[in-house]
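Asks: As input, take target.txt (compact mmCIF, C-alpha atoms):
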```txt
# COMPACT_ATOMS: atom_id res chain seq x y z
CA MET H 644 204.89 34.35 21.95
CA GLU H 645 207.95 32.65 23.42
CA ARG H 646 209.25 33.46 26.92
CA HIS H 647 212.29 35.30 25.56
CA VAL H 648 210.07 38.25 24.61
CA MET H 649 208.93 38.77 28.17
CA LYS H 650 212.52 38.84 29.42
CA LYS H 651 212.99 42.07 27.49
CA ILE H 652 210.62 44.08 29.63
CA LEU H 653 212.40 46.55 31.90
CA ALA H 654 210.12 48.40 34.30
CA VAL H 655 210.84 52.13 34.40
CA LEU H 656 208.63 55.01 33.31
CA LEU H 657 205.18 55.62 31.98
CA VAL H 658 203.87 55.07 28.45
CA CYS H 659 205.78 52.64 26.34
CA PHE H 660 205.25 49.49 24.37
CA VAL H 661 205.44 45.91 25.60
CA PHE H 662 205.10 42.65 23.71
CA VAL H 663 202.42 40.40 25.17
CA GLN H 664 203.18 36.75 25.94
CA HIS H 665 201.02 34.18 24.16
CA SER H 666 201.32 30.63 23.01
CA ALA H 667 203.77 29.71 20.25
CA LYS H 668 201.04 30.32 17.66
CA ALA H 669 199.94 33.71 19.00
CA GLU H 670 200.41 36.83 16.92
CA LEU H 671 203.05 39.41 17.67
CA GLN H 672 201.29 42.19 19.58
CA VAL H 673 202.23 45.45 21.23
CA ASP H 674 200.31 47.05 24.07
CA VAL H 675 200.57 50.46 25.71
CA THR H 676 201.41 50.07 29.38
CA GLN H 677 203.99 50.99 32.00
CA GLY H 678 207.58 50.01 31.52
CA LYS H 679 210.31 50.37 28.93
CA LEU H 680 210.96 47.81 26.24
CA GLU H 681 214.29 46.89 24.74
CA PRO H 682 213.93 47.42 20.97
CA VAL H 683 212.34 44.49 19.16
CA PRO H 684 214.47 42.88 16.41
CA ILE H 685 212.86 43.35 13.01
CA ALA H 686 214.20 42.35 9.58
CA VAL H 687 213.29 44.63 6.66
CA THR H 688 214.45 43.02 3.42
CA THR H 689 215.28 44.61 0.10
CA PHE H 690 212.15 44.48 -2.04
CA HIS H 691 212.17 42.26 -5.12
CA ALA H 692 212.14 44.21 -8.41
CA ASP H 693 210.79 42.62 -11.58
CA ARG H 694 212.71 45.00 -13.86
CA PRO H 695 216.25 46.44 -13.67
CA GLU H 696 215.01 50.05 -13.70
CA LEU H 697 213.09 49.39 -10.47
CA VAL H 698 216.05 48.00 -8.50
CA SER H 699 216.98 51.39 -7.06
CA ILE H 700 213.46 51.95 -5.69
CA ALA H 701 213.35 48.39 -4.35
CA ARG H 702 216.49 49.15 -2.34
CA ARG H 703 215.52 52.62 -1.10
CA LEU H 704 212.01 51.70 0.07
CA PRO H 705 213.22 49.44 2.90
CA GLU H 706 215.93 51.93 3.87
CA VAL H 707 213.30 54.55 4.68
CA ILE H 708 211.04 52.01 6.40
CA THR H 709 213.96 50.86 8.53
CA ALA H 710 214.91 54.41 9.51
CA ASN H 711 211.31 55.25 10.44
CA LEU H 712 210.87 52.22 12.66
CA GLU H 713 214.25 52.61 14.37
CA ARG H 714 213.57 56.26 15.22
CA THR H 715 210.61 55.17 17.37
CA GLY H 716 213.00 53.41 19.76
CA LEU H 717 210.68 50.39 19.68
CA PHE H 718 212.43 48.43 16.95
CA LYS H 719 215.98 47.34 16.23
CA ALA H 720 216.57 46.70 12.54
CA LEU H 721 218.79 43.70 11.90
CA ASN H 722 221.81 44.10 9.64
CA PRO H 723 220.92 42.89 6.11
CA ARG H 724 224.30 41.15 5.98
CA SER H 725 222.97 38.69 8.53
CA PHE H 726 220.04 37.66 6.30
CA ILE H 727 220.27 34.07 5.09
CA GLN H 728 217.32 33.92 2.71
CA THR H 729 217.59 36.01 -0.46
CA THR H 730 215.02 38.48 -1.74
CA GLY H 731 214.39 36.41 -4.85
CA SER H 732 213.79 33.30 -2.77
CA ILE H 733 211.27 35.11 -0.59
CA ALA H 734 209.39 36.38 -3.66
CA GLN H 735 209.24 32.86 -5.11
CA ASP H 736 208.75 30.62 -2.10
CA GLY H 737 207.82 32.87 0.82
CA PRO H 738 209.79 33.24 4.08
CA ARG H 739 211.71 30.32 5.52
CA PHE H 740 210.89 31.22 9.11
CA GLY H 741 213.49 28.96 10.69
CA GLU H 742 216.24 30.94 9.01
CA TRP H 743 214.78 34.23 10.29
CA ARG H 744 214.43 32.83 13.81
CA SER H 745 218.08 31.78 13.69
CA ILE H 746 219.14 35.44 13.40
CA ASN H 747 216.71 36.44 16.19
CA ALA H 748 214.22 38.29 13.99
CA GLU H 749 210.80 38.57 15.62
CA ALA H 750 209.08 40.48 12.81
CA LEU H 751 209.82 40.44 9.08
CA VAL H 752 208.95 42.91 6.31
CA THR H 753 209.16 41.77 2.69
CA GLY H 754 207.99 43.31 -0.56
CA THR H 755 208.00 43.48 -4.32
CA VAL H 756 208.12 46.34 -6.85
CA SER H 757 206.71 45.70 -10.31
CA ALA H 758 205.96 47.73 -13.44
CA LEU H 759 202.41 48.08 -14.80
CA ASP H 760 201.39 48.48 -18.43
CA ASN H 761 200.11 52.03 -17.86
CA GLY H 762 203.58 53.24 -16.81
CA ARG H 763 202.81 53.22 -13.11
CA THR H 764 204.41 51.06 -10.45
CA ARG H 765 202.92 48.53 -8.06
CA VAL H 766 204.49 48.24 -4.60
CA GLU H 767 203.40 45.31 -2.45
CA PHE H 768 204.56 44.54 1.06
CA ARG H 769 203.92 41.89 3.70
CA LEU H 770 204.48 41.91 7.46
CA TRP H 771 205.21 38.56 9.11
CA ASP H 772 205.27 37.29 12.69
CA VAL H 773 208.35 35.08 12.58
CA PHE H 774 207.55 32.93 15.63
CA SER H 775 203.92 32.20 14.82
CA GLU H 776 204.82 31.96 11.09
CA LYS H 777 201.83 34.09 10.17
CA GLN H 778 201.27 37.02 7.87
CA LEU H 779 200.05 39.97 9.93
CA SER H 780 199.43 42.40 7.10
CA GLY H 781 199.75 42.70 3.35
CA VAL H 782 198.95 45.74 1.23
CA ALA H 783 199.60 46.77 -2.39
CA TYR H 784 199.87 50.34 -3.70
CA THR H 785 199.86 51.70 -7.24
CA THR H 786 201.93 54.83 -7.63
CA THR H 787 204.49 56.70 -9.71
CA ASN H 788 208.22 56.13 -9.38
CA ASP H 789 208.86 59.58 -7.94
CA ASN H 790 206.41 58.90 -5.08
CA TRP H 791 208.37 56.00 -3.62
CA ARG H 792 209.39 57.83 -0.44
CA ARG H 793 205.80 58.54 0.54
CA ILE H 794 204.92 54.89 -0.07
CA SER H 795 207.75 54.03 2.36
CA HIS H 796 206.12 56.23 4.99
CA ILE H 797 202.70 54.70 4.38
CA ILE H 798 204.10 51.18 4.74
CA SER H 799 205.89 52.24 7.93
CA ASP H 800 202.56 53.45 9.29
CA VAL H 801 200.91 50.12 8.53
CA VAL H 802 203.71 48.16 10.25
CA TYR H 803 203.64 50.46 13.28
CA GLU H 804 199.85 50.30 13.56
CA ARG H 805 199.70 46.52 13.17
CA LEU H 806 202.32 45.89 15.85
CA THR H 807 201.35 48.60 18.35
CA GLY H 808 197.64 49.15 17.83
CA GLU H 809 198.42 52.87 17.68
CA GLU H 810 197.99 55.14 14.67
CA GLY H 811 201.23 55.73 12.77
CA TYR H 812 202.75 59.15 12.18
CA PHE H 813 205.37 58.68 9.45
CA ASP H 814 203.26 59.96 6.54
CA SER H 815 203.26 63.52 7.89
CA ARG H 816 205.19 66.76 7.56
CA ILE H 817 206.72 69.44 9.75
CA VAL H 818 206.66 73.15 9.03
CA TYR H 819 209.16 75.30 10.92
CA ILE H 820 211.20 78.51 10.93
CA SER H 821 214.58 78.20 9.19
CA GLU H 822 217.14 80.62 10.64
CA GLN H 823 220.53 81.86 9.56
CA GLY H 824 222.79 84.85 10.07
CA PRO H 825 224.06 86.78 13.12
CA GLN H 826 221.95 86.90 16.25
CA ASN H 827 221.13 90.58 15.80
CA ALA H 828 220.08 90.15 12.14
CA ARG H 829 218.58 86.69 11.76
CA VAL H 830 216.97 85.79 8.44
CA LYS H 831 213.91 83.67 9.17
CA ARG H 832 212.13 81.72 6.46
CA LEU H 833 209.13 79.43 6.47
CA ALA H 834 210.21 75.87 5.55
CA ILE H 835 208.48 72.51 5.23
CA MET H 836 209.74 68.91 5.10
CA ASP H 837 208.73 65.31 5.74
CA GLN H 838 208.79 64.30 9.39
CA ASP H 839 212.20 62.67 8.86
CA GLY H 840 213.75 65.81 7.32
CA ALA H 841 213.50 64.68 3.67
CA ASN H 842 211.83 66.60 0.82
CA HIS H 843 212.84 69.90 2.36
CA HIS H 844 211.92 73.19 0.71
CA TYR H 845 211.35 76.84 1.61
CA LEU H 846 207.98 78.54 1.42
CA THR H 847 209.10 82.16 1.92
CA ASP H 848 212.15 84.04 0.65
CA GLY H 849 213.38 85.60 3.89
CA SER H 850 212.49 89.18 2.96
CA ALA H 851 210.14 89.38 5.95
CA LEU H 852 210.48 88.04 9.47
CA VAL H 853 208.16 85.04 9.93
CA LEU H 854 207.05 83.35 13.15
CA THR H 855 204.78 80.67 14.65
CA PRO H 856 203.61 78.56 11.67
CA ARG H 857 200.66 76.23 12.34
CA PHE H 858 198.93 73.65 10.11
CA SER H 859 195.23 73.65 9.33
CA PRO H 860 193.28 70.42 10.03
CA ASN H 861 193.19 69.61 6.30
CA LYS H 862 197.02 69.92 6.14
CA GLN H 863 196.86 72.17 3.09
CA ARG H 864 197.06 75.57 4.78
CA ILE H 865 199.48 77.16 7.21
CA ALA H 866 198.75 80.14 9.45
CA TYR H 867 201.76 82.20 10.47
CA MET H 868 202.93 85.63 11.60
CA ALA H 869 205.00 87.92 9.38
CA TYR H 870 206.41 91.40 9.89
CA TYR H 871 206.35 93.69 6.86
CA ASN H 872 207.68 97.20 7.46
CA ARG H 873 207.71 96.32 11.15
CA LYS H 874 203.96 95.76 11.12
CA PRO H 875 202.58 92.36 12.21
CA ARG H 876 200.27 90.51 9.87
CA VAL H 877 198.64 87.09 10.06
CA TYR H 878 198.95 85.14 6.81
CA ILE H 879 197.39 81.97 5.45
CA TYR H 880 199.68 80.02 3.10
CA ASP H 881 198.12 77.50 0.69
CA ILE H 882 200.61 74.64 0.24
CA ASN H 883 199.05 73.37 -3.00
CA THR H 884 199.02 76.70 -4.83
CA GLY H 885 201.74 78.67 -3.01
CA ARG H 886 199.25 81.52 -2.59
CA GLN H 887 199.59 83.72 0.48
CA GLU H 888 196.56 85.52 1.84
CA VAL H 889 196.60 88.27 4.45
CA LEU H 890 194.18 87.25 7.16
CA GLY H 891 194.44 90.55 8.96
CA ASN H 892 196.51 93.72 8.96
CA PHE H 893 196.36 94.26 12.69
CA PRO H 894 197.45 97.62 14.14
CA ASN H 895 198.59 95.99 17.38
CA MET H 896 200.90 93.14 18.26
CA THR H 897 199.47 89.73 17.35
CA PHE H 898 200.77 86.36 18.52
CA ALA H 899 200.66 82.66 17.65
CA PRO H 900 197.64 82.12 15.34
CA ARG H 901 196.21 78.58 15.36
CA PHE H 902 193.35 76.97 13.46
CA SER H 903 190.26 75.64 15.19
CA PRO H 904 189.77 71.86 14.84
CA ASP H 905 187.12 72.37 12.14
CA GLY H 906 189.38 74.78 10.23
CA ASN H 907 186.76 77.53 10.19
CA LYS H 908 188.41 79.88 12.68
CA VAL H 909 191.81 81.10 13.76
CA ILE H 910 192.48 81.73 17.43
CA MET H 911 195.25 84.13 18.51
CA SER H 912 196.18 86.79 21.02
CA MET H 913 196.38 90.52 20.32
CA SER H 914 197.98 93.16 22.47
CA LYS H 915 196.41 96.59 22.91
CA ASN H 916 197.90 99.21 25.23
CA GLY H 917 200.19 96.61 26.73
CA ASN H 918 197.38 94.17 27.53
CA SER H 919 197.11 90.91 25.61
CA GLU H 920 193.74 89.18 25.16
CA ILE H 921 192.60 86.12 23.19
CA TYR H 922 190.47 86.50 20.06
CA THR H 923 189.05 84.36 17.30
CA MET H 924 188.50 85.27 13.67
CA ASP H 925 185.96 83.54 11.45
CA LEU H 926 187.76 82.76 8.19
CA GLN H 927 184.63 83.26 6.07
CA SER H 928 183.09 86.40 7.54
CA ARG H 929 186.37 87.77 9.03
CA ARG H 930 184.38 88.61 12.14
CA ILE H 931 186.57 88.96 15.25
CA GLU H 932 185.34 87.79 18.66
CA LYS H 933 187.05 88.56 21.95
CA LEU H 934 187.23 85.57 24.32
CA THR H 935 189.09 86.96 27.35
CA ASN H 936 188.75 90.27 29.15
CA HIS H 937 191.30 90.55 31.93
CA SER H 938 193.90 93.08 33.01
CA ALA H 939 196.54 90.30 32.91
CA ILE H 940 198.37 89.00 29.84
CA ASP H 941 196.44 86.16 28.16
CA THR H 942 198.21 84.55 25.21
CA ALA H 943 199.27 81.33 23.37
CA PRO H 944 195.82 79.72 22.98
CA SER H 945 195.39 76.14 21.72
CA TYR H 946 192.10 74.29 21.10
CA SER H 947 191.25 70.86 22.44
CA PRO H 948 190.79 68.39 19.55
CA ASP H 949 187.00 68.43 19.99
CA GLY H 950 186.96 72.23 19.83
CA LYS H 951 185.14 72.58 23.15
CA TYR H 952 187.99 74.01 25.23
CA VAL H 953 191.02 76.26 24.93
CA VAL H 954 194.25 76.11 26.93
CA PHE H 955 196.26 79.32 27.24
CA GLU H 956 198.94 80.97 29.34
CA SER H 957 198.24 83.89 31.66
CA ASP H 958 199.78 85.78 34.57
CA ARG H 959 196.38 86.65 36.05
CA GLY H 960 197.27 84.64 39.17
CA GLY H 961 200.49 86.55 39.76
CA SER H 962 202.82 84.30 37.75
CA GLN H 963 202.83 82.84 34.25
CA GLN H 964 200.70 79.68 34.44
CA LEU H 965 198.38 77.57 32.27
CA TYR H 966 194.60 77.96 32.22
CA VAL H 967 191.76 76.11 30.51
CA MET H 968 188.47 77.75 29.48
CA LYS H 969 185.48 76.82 27.39
CA ALA H 970 185.69 77.72 23.70
CA ASP H 971 183.37 80.70 24.25
CA GLY H 972 185.75 82.16 26.86
CA SER H 973 183.77 81.17 29.92
CA ASP H 974 184.83 79.15 32.98
CA ALA H 975 188.56 79.94 32.85
CA HIS H 976 190.42 78.03 35.55
CA ARG H 977 194.06 77.45 36.38
CA ILE H 978 195.60 73.99 35.90
CA THR H 979 199.29 74.50 36.83
CA PHE H 980 200.56 75.50 40.28
CA GLY H 981 204.26 74.67 40.15
CA ASN H 982 207.20 76.98 40.67
CA GLY H 983 208.57 78.82 37.68
CA ARG H 984 206.85 79.98 34.49
CA TYR H 985 204.63 77.85 32.24
CA GLY H 986 204.04 78.68 28.58
CA THR H 987 203.48 77.58 24.94
CA PRO H 988 200.74 75.05 25.77
CA VAL H 989 199.47 72.79 22.99
CA TRP H 990 196.72 70.19 23.26
CA SER H 991 197.45 66.62 22.18
CA PRO H 992 195.46 65.35 19.16
CA ARG H 993 194.33 62.51 21.42
CA GLY H 994 192.91 65.02 23.89
CA ASP H 995 194.50 63.32 26.89
CA LEU H 996 197.49 65.61 27.51
CA ILE H 997 198.69 69.17 27.13
CA ALA H 998 202.36 69.80 26.34
CA PHE H 999 204.05 72.92 27.67
CA THR H 1000 207.33 74.73 28.28
CA ARG H 1001 208.42 75.42 31.85
CA LEU H 1002 211.17 77.82 32.92
CA TYR H 1003 212.49 77.22 36.43
CA ARG H 1004 215.71 78.47 38.00
CA GLY H 1005 217.19 79.45 34.66
CA LYS H 1006 216.51 76.11 32.96
CA PHE H 1007 213.91 75.19 30.36
CA TYR H 1008 211.79 72.02 30.42
CA ILE H 1009 209.29 70.38 28.07
CA GLY H 1010 206.54 68.65 29.98
CA VAL H 1011 203.02 67.25 29.74
CA ILE H 1012 199.99 67.54 32.01
CA ARG H 1013 196.41 66.26 31.94
CA PRO H 1014 193.72 68.83 31.09
CA ASP H 1015 192.44 68.69 34.67
CA GLY H 1016 195.88 69.69 35.98
CA SER H 1017 196.90 66.27 37.28
CA GLY H 1018 199.86 64.09 36.31
CA GLU H 1019 202.39 66.78 35.43
CA ARG H 1020 205.54 65.16 34.06
CA LEU H 1021 208.72 66.75 32.70
CA ILE H 1022 210.03 65.02 29.56
CA THR H 1023 213.28 66.79 28.70
CA SER H 1024 215.32 69.85 29.69
CA ALA H 1025 218.10 72.02 28.27
CA PHE H 1026 219.71 75.45 28.31
CA HIS H 1027 216.82 76.58 26.08
CA VAL H 1028 214.17 74.16 24.83
CA GLU H 1029 210.80 75.39 23.60
CA GLY H 1030 207.95 75.11 21.11
CA PRO H 1031 206.50 71.61 21.66
CA THR H 1032 204.28 70.20 18.93
CA TRP H 1033 202.55 66.81 18.80
CA SER H 1034 202.90 64.01 16.28
CA PRO H 1035 199.56 63.07 14.67
CA ASN H 1036 199.14 60.07 16.99
CA GLY H 1037 199.92 62.01 20.18
CA ARG H 1038 202.83 59.73 21.17
CA VAL H 1039 205.82 61.87 20.12
CA LEU H 1040 206.75 65.52 20.62
CA ALA H 1041 208.87 67.73 18.37
CA TYR H 1042 210.50 70.92 19.66
CA PHE H 1043 213.53 73.11 19.17
CA LYS H 1044 216.60 73.32 21.34
CA GLU H 1045 219.12 76.15 21.48
CA THR H 1046 222.68 75.52 22.61
CA PRO H 1047 225.45 78.10 23.21
CA THR H 1048 228.23 78.22 20.61
CA GLY H 1049 231.39 80.18 19.90
CA PRO H 1050 233.81 81.97 22.24
CA GLY H 1051 232.26 82.43 25.66
CA GLY H 1052 229.02 80.85 24.52
CA GLN H 1053 227.83 84.09 22.97
CA GLY H 1054 226.45 82.42 19.83
CA ARG H 1055 223.42 80.17 19.55
CA ARG H 1056 222.65 77.01 17.55
CA ALA H 1057 218.97 76.07 17.21
CA ARG H 1058 217.95 72.60 16.04
CA LEU H 1059 214.83 70.42 15.95
CA TYR H 1060 214.37 67.24 17.96
CA THR H 1061 211.72 64.64 18.61
CA ILE H 1062 211.16 62.62 21.76
CA ASP H 1063 208.57 60.05 22.81
CA LEU H 1064 206.54 60.34 25.99
CA THR H 1065 208.96 58.14 27.93
CA GLY H 1066 211.63 60.82 27.52
CA TYR H 1067 214.13 58.09 26.53
CA ASN H 1068 214.28 58.47 22.76
CA GLU H 1069 215.41 61.95 21.75
CA ARG H 1070 216.30 62.20 18.06
CA LEU H 1071 217.72 65.05 15.98
CA VAL H 1072 215.64 66.06 12.94
CA PRO H 1073 218.10 67.16 10.23
CA THR H 1074 217.62 70.62 8.68
CA PRO H 1075 219.91 72.58 6.31
CA LYS H 1076 220.09 75.63 8.61
CA ASP H 1077 219.21 76.43 12.20
CA ALA H 1078 215.59 75.64 13.00
CA SER H 1079 212.95 76.74 15.50
CA ASP H 1080 209.22 76.75 16.21
CA PRO H 1081 208.15 73.47 14.56
CA ALA H 1082 204.55 72.47 13.88
CA TRP H 1083 203.65 68.87 13.06
CA SER H 1084 200.93 68.23 10.48
CA PRO H 1085 198.09 65.76 10.81
CA ARG H 1086 198.69 62.59 8.84
CA ASN H 1087 198.65 63.06 5.08
```
Take the structure I supplied and represent it as structure tokens, if you would.
Replies:
Amino acid sequence: MERHVMKKILAVLLVCFVFVQHSAKAELQVDVTQGKLEPVPIAVTTFHADRPELVSIARRLPEVITANLERTGLFKALNPRSFIQTTGSIAQDGPRFGEWRSINAEALVTGTVSALDNGRTRVEFRLWDVFSEKQLSGVAYTTTNDNWRRISHIISDVVYERLTGEEGYFDSRIVYISEQGPQNARVKRLAIMDQDGANHHYLTDGSALVLTPRFSPNKQRIAYMAYYNRKPRVYIYDINTGRQEVLGNFPNMTFAPRFSPDGNKVIMSMSKNGNSEIYTMDLQSRRIEKLTNHSAIDTAPSYSPDGKYVVFESDRGGSQQLYVMKADGSDAHRITFGNGRYGTPVWSPRGDLIAFTRLYRGKFYIGVIRPDGSGERLITSAFHVEGPTWSPNGRVLAYFKETPTGPGGQGRRARLYTIDLTGYNERLVPTPKDASDPAWSPRN
């Protein structure tokens, strides 16, 4: 790689992506290290269509790929008006790398869309390192025309993975609580969408208050809380069939159900006589097991990705802090000791970090900490920011942020955002209504 790449490296915070210097023939590579990188120029061309009816798809595919890559903060998509070589020329002769270097492109994405005899469509793409003049990746997919957006996400994942060495997260979805209406009579509905806000639809009709949706490991089920006739119930929603199943009609308050990593159990907290403890329920036998037994409030449990440990919040030490215990409830020990209140912990799918909410001196923070309690780092803050959830690759967090609105700041506007672990790339996730309590799916 030429020296100009190295000049882009600006040393600041932890966890970001840096291009590695090699000889002129070395491949474009991205490594995870300290520092902050200025976005890397990438050219994503319109795909070549072999039939007129496929032109629209050939144009929209790269638009979604471009948007996905730009949202990472790692890539800067070049304006297509600056492109010298045409799509047809690329399809016939391949890239003329000198022309792409002249507009400062460092990576290039090209593709074709063609019709098959069986009525399906073939989408082929190639990723190129402009300076070494080498193809880094090339994949073809057979699909239907109405599935073009998902193919865009899959291609984005391949590009991201090839250039960073990290798993992509674009072919995933977010379930959340859609909110509307006055503050004292909010209508809350379960809603689901692609990670970029597209393909949005509602799963419940708003007739019951719903809270805390969480995906199962197989991505096809959602556990959530609902209040019918002011009684809390835990439901399992099957995304494929639309069927809702009552997991339990609990006589006491129940909070924040989550699936175990193997999908066989749900872990949650239940409150009896003002005391909240953590329980699990086996989804086959419906047998309930109590994990904690303490006079303090224990709530908001989240499994480690290997299923061996659980992080939860408790005030057993005199203030609301985070604790980690073994999955059977033994060996509970405190991992946070800072001022303020810690809550809503959720374990990273990589297993290396736990995200949390911290309230200190009237201000909310989203932060991360290692499971042993070391390396606490605050990522973002706001008037009210809460509900962190991890992207499938453990490199990005989604959450909701409330801001005051209206005369005197009496109203509230809740919206979803994502941010990477550097804390430098906060992005709004568009939703039709107000939004809270997001949960990110594993990759599809």
Asks: Can you work out the spacing between atom CA of Ile1009 of chain H and atom CA of Thr807 of chain H in Å, to one decimal?
Replies: 25.1 Å
Asks: Rank H:Trp1083, H:Phe768, H:Tyr922, H:Tyr867 by their smallest atom-to-atom distance to Tyr784 of chain H, using only C-alpha atoms, and report the top residue only.
Replies: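 Nearest candidate to Tyr784 of chain H out of H:Trp1083, H:Phe768, H:Tyr922, H:Tyr867: H:Phe768.
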Asks: Go through H:Ala975, H:Tyr878, H:Arg886, H:Gly994 one by one, measure the shortest atom-to-atom distance of each to Pro904 of chain H using all atoms listed in the file, and give the residue with the smallest value.
Replies: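 That would be H:Gly994, the residue with the smallest distance to Pro904 of chain H.
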Asks: Please give the centre and size of the box around segment 884-890 of chain H (axis-aligned, containing every atom listed in the file, 3 Å added per side), with values in Å to one decimal and written as lines of an AutoDock Vina configuration file.
Replies:
```
center_x = 198.0
center_y = 82.5
center_z = 1.2
size_x = 13.6
size_y = 17.6
size_z = 18.0
```
Asks: One number please: atom CA of Leu1002 of chain H to atom CA of Pro1014 of chain H, in Å, one decimal.
Replies: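 Taking atom CA of Leu1002 of chain H as the start and atom CA of Pro1014 of chain H as the end point, the length is 19.7 Å.
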Asks: Which one is closest to Tyr1008 of chain H: H:Arg984, H:Arg993, H:Thr755, H:Ile921? Count only C-alpha atoms.
Replies: H:Arg984
Asks: Would you mind listing what lies within 9 Å of Ile820 of chain H as a list of chain:residue names, with all atoms listed in the file counted and same-chain residues fewer than 5 positions away left out?
Replies: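 My reading of the contact set: H:Lys831, H:Arg832, H:Leu833, H:Ala834, H:Ile835, H:Val853, H:Leu854, H:Thr855, H:Pro856, H:Asp1077, H:Ala1078, H:Ser1079, H:Asp1080, H:Pro1081.
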Asks: Write out the residues from the selection above, keeping C-alpha atoms, as an mmCIF file, in the frame of the given file.
Replies:
```
data_model
loop_
_atom_site.group_PDB
_atom_site.id
_atom_site.type_symbol
_atom_site.label_atom_id
_atom_site.label_comp_id
_atom_site.auth_asym_id
_atom_site.auth_seq_id
_atom_site.Cartn_x
_atom_site.Cartn_y
_atom_site.Cartn_z
ATOM 1 C CA LYS H 831 213.910 83.670 9.170
ATOM 2 C CA ARG H 832 212.130 81.720 6.460
ATOM 3 C CA LEU H 833 209.130 79.430 6.470
ATOM 4 C CA ALA H 834 210.210 75.870 5.550
ATOM 5 C CA ILE H 835 208.480 72.510 5.230
ATOM 6 C CA VAL H 853 208.160 85.040 9.930
ATOM 7 C CA LEU H 854 207.050 83.350 13.150
ATOM 8 C CA THR H 855 204.780 80.670 14.650
ATOM 9 C CA PRO H 856 203.610 78.560 11.670
ATOM 10 C CA ASP H 1077 219.210 76.430 12.200
ATOM 11 C CA ALA H 1078 215.590 75.640 13.000
ATOM 12 C CA SER H 1079 212.950 76.740 15.500
ATOM 13 C CA ASP H 1080 209.220 76.750 16.210
ATOM 14 C CA PRO H 1081 208.150 73.470 14.560
#
```
Asks: Figure out the distance between atom CA of Gly1054 of chain H and atom CA of Glu822 of chain H, please, to one decimal in Å.
Replies: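 Those two atoms sit 13.2 Å apart.
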Asks: Need to verify the contact set: segment 959-962 of chain H, 12 Å, only C-alpha atoms, exclusion of same-chain residues closer than 3 positions in sequence. Can you return it as a ChimeraX atom specification?
Replies: /H:918-920,935-942,955-956,965-966,975-986,1002
Asks: Looking at H:Asn747, H:Glu888, H:Met913, H:Arg901, which one is nearest to Pro875 of chain H, with distances taken over all atoms listed in the file?
Replies: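 Residue with the minimum atom-to-atom distance to Pro875 of chain H: H:Met913.
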Asks: For Thr923 of chain H, find every residue with an atom within 12 Å (counting all atoms listed in the file), except residues of its own chain fewer than 2 positions away, and show them as number ranges by chain.
Replies: H: 890-891, 897-903, 906-913, 920-921, 925-926, 928-935, 944-946, 953, 970-972
Asks: Of the candidates H:Ile794, H:Val698, H:Ala692, H:Leu806, which shows the shortest atom-to-atom distance to Ser757 of chain H, using only C-alpha atoms?
Replies: H:Ala692
